[in-house]
Amino acid sequence: MTRATADSPLIGTLNERGLHSSLKQWLAVRGDLFEQPLDGHVIDILRDGELIEVQTRGLGQMRRKLARLLPNHVVRVVMPLAAERVIVREDESGKELSRRRSPLHDELISVCRELVAAPELLAEQNFRLQVLLIHEEEVRRPSTSKRCRRRGGWEVVERRLLSIERSHIFADPVDLLALLPTGLKEPFGTKELAQALACSRRLSQQVCYCLRKLDLLSIAGKEGNALQYERTVA
C-alpha cells in the first residue's frame with residue numbers, strides 16, 4: 001500500500017500530471033492511502049473508510065464505478081469548476097506563445113452541467129460531491145485532429161491548478177435546491193431562472209432537469225410552449 005507521509009505527501013501521484021495530480025496533493029493528509037485496488041477499481045485516496053475520487057470531467061463517466069462502490073462504501077467525488085481560467089497557447093515544443101483570461105467562468109450552480117448525466121447520484125446515501133471553485137490555466141497546442149477544428153486547430157493538452165477559491169460539499173439533494181435565488185418567483189421557466197442566475201439558458205435547463213430528477217421541482221403548467229416549475233419542498 002502507498003501511504004502519504006509528512007515528508008512525501010504525494011506518493012501515488014508521482015506519475016501523474018496537471019490538475020488531477022495537483023488536486024490530490026491539495027487533498028492529501030498524513031495517513032492517506034493512494035491508488036488502492038478495491039472491488040475491481042482503483043481508488044484515488046482511501047482515508048479512514050472514506051473513498052475519495054478526483055474527477056475533472058462529467059460525473060456520467062463514473063456511473064458504473066460508483067454503482068459498484070456506493071452500496072458498501074462512502075464515496076466523496078471531488079470536482080473542480082473554473083471560477084477563473086487563463087488560456088495559454090504553446091507551440092509543439094511547449095514554448096508559450098500567448099495567454100489571455102477567458103471571459104467564461106463557473107459558479108457553484110455550474111455543477112449541474114456536470115451532474116446532468118447522473119443527477120440521481122445526489123440521492124445516494126453514501127455519495128458526497130465536493131465542488132472546488134478554482135483558478136486554472138488551460139494549456140492548448142496546435143493539433144491536426146478533426147475534433148479540434150472548432151477551436152481553430154488548438155487542442156487542450158493540460159489543465160494547471162493556480163489556486164482554490166472555494167470548497168462546497170453537496171451531501172443531500174436539497175443542498176442543490178439551496179442554490180436557487182431566494183427571490184425567484186414561482187412558477188418560473190428556464191428563461192426567468194437564467195435571468196435570476198445570470199447564466200445561459202442551457203445551464204438553467206440543466207438546473208431544472210437535475211432538480212426534477214431529484215423530485216425537488218415539479219411542472220406547474222405552461223406559458224406558451226415553455227414549461228413552468230415550482231419547488232416541491234420549502
# chains A, B, ... in the order shown; residues from 1 in each chain; ligands from 1

call {"tool": "select_by_dssp", "arguments": {"residues": "chain A", "states": "strand (DSSP E or B)", "output": "ChimeraX atom specification"}}
result
/A:2-3,33-38,41-47,50-54,74-90,96-101,127-142,154-170,188,217-223,226-231

call {"tool": "select_by_dssp", "arguments": {"residues": "range 69-191 of chain A", "states": "alpha helix (DSSP H)", "output": "JSON, numbers by chain"}}
result
{"A": [69, 111, 112, 113, 114, 115, 173, 174, 175, 176, 177, 190, 191]}

call {"tool": "closest_atom_pairs", "arguments": {"of": "range 55-138 of chain A", "to": "range 31-51 of chain A", "cutoff": "12 Å", "atoms": "only C-alpha atoms", "output": "Markdown table"}}
result
| residue | atom | partner | partner_atom | distance |
| --- | --- | --- | --- | --- |
| A:Gln55 | CA | A:Asp44 | CA | 9.8 |
| A:Met62 | CA | A:His41 | CA | 11.1 |
| A:Arg64 | CA | A:His41 | CA | 10.4 |
| A:Lys65 | CA | A:His41 | CA | 7.2 |
| A:Leu66 | CA | A:His41 | CA | 9.9 |
| A:Ala67 | CA | A:Asp39 | CA | 11.1 |
| A:Arg68 | CA | A:Asp39 | CA | 7.5 |
| A:Leu69 | CA | A:Asp39 | CA | 7.2 |
| A:Leu70 | CA | A:Leu51 | CA | 9.7 |
| A:Pro71 | CA | A:Asp39 | CA | 11.4 |
| A:Asn72 | CA | A:Asp39 | CA | 9.9 |
| A:His73 | CA | A:Glu50 | CA | 7.0 |
| A:Val74 | CA | A:Glu50 | CA | 5.3 |
| A:Val75 | CA | A:Leu51 | CA | 4.7 |
| A:Arg76 | CA | A:Leu51 | CA | 6.1 |
| A:Val77 | CA | A:Leu51 | CA | 8.3 |
| A:Val78 | CA | A:Asp44 | CA | 10.5 |
| A:Asn126 | CA | A:Glu50 | CA | 9.6 |
| A:Phe127 | CA | A:Leu51 | CA | 9.9 |
| A:Arg128 | CA | A:Leu51 | CA | 10.1 |
| A:Leu129 | CA | A:Leu51 | CA | 11.7 |

call {"tool": "residues_around", "arguments": {"residues": "range 202-213 of chain A", "least_positions_apart": "4", "cutoff": "12 Å", "atoms": "only C-alpha atoms", "output": "number ranges by chain"}}
result
A: 106-123, 172-180, 188-198, 217-220, 226-233

call {"tool": "closest_residue", "arguments": {"among": "A:Gly60, A:Pro187, A:Gly224, A:Pro80", "to": "Lys24 in chain A", "atoms": "only C-alpha atoms"}}
result
A:Pro80

call {"tool": "atom_distance", "arguments": {"atom1": "CA of Val86 in chain A", "atom2": "CA of Glu155 in chain A"}}
result
14.7 Å
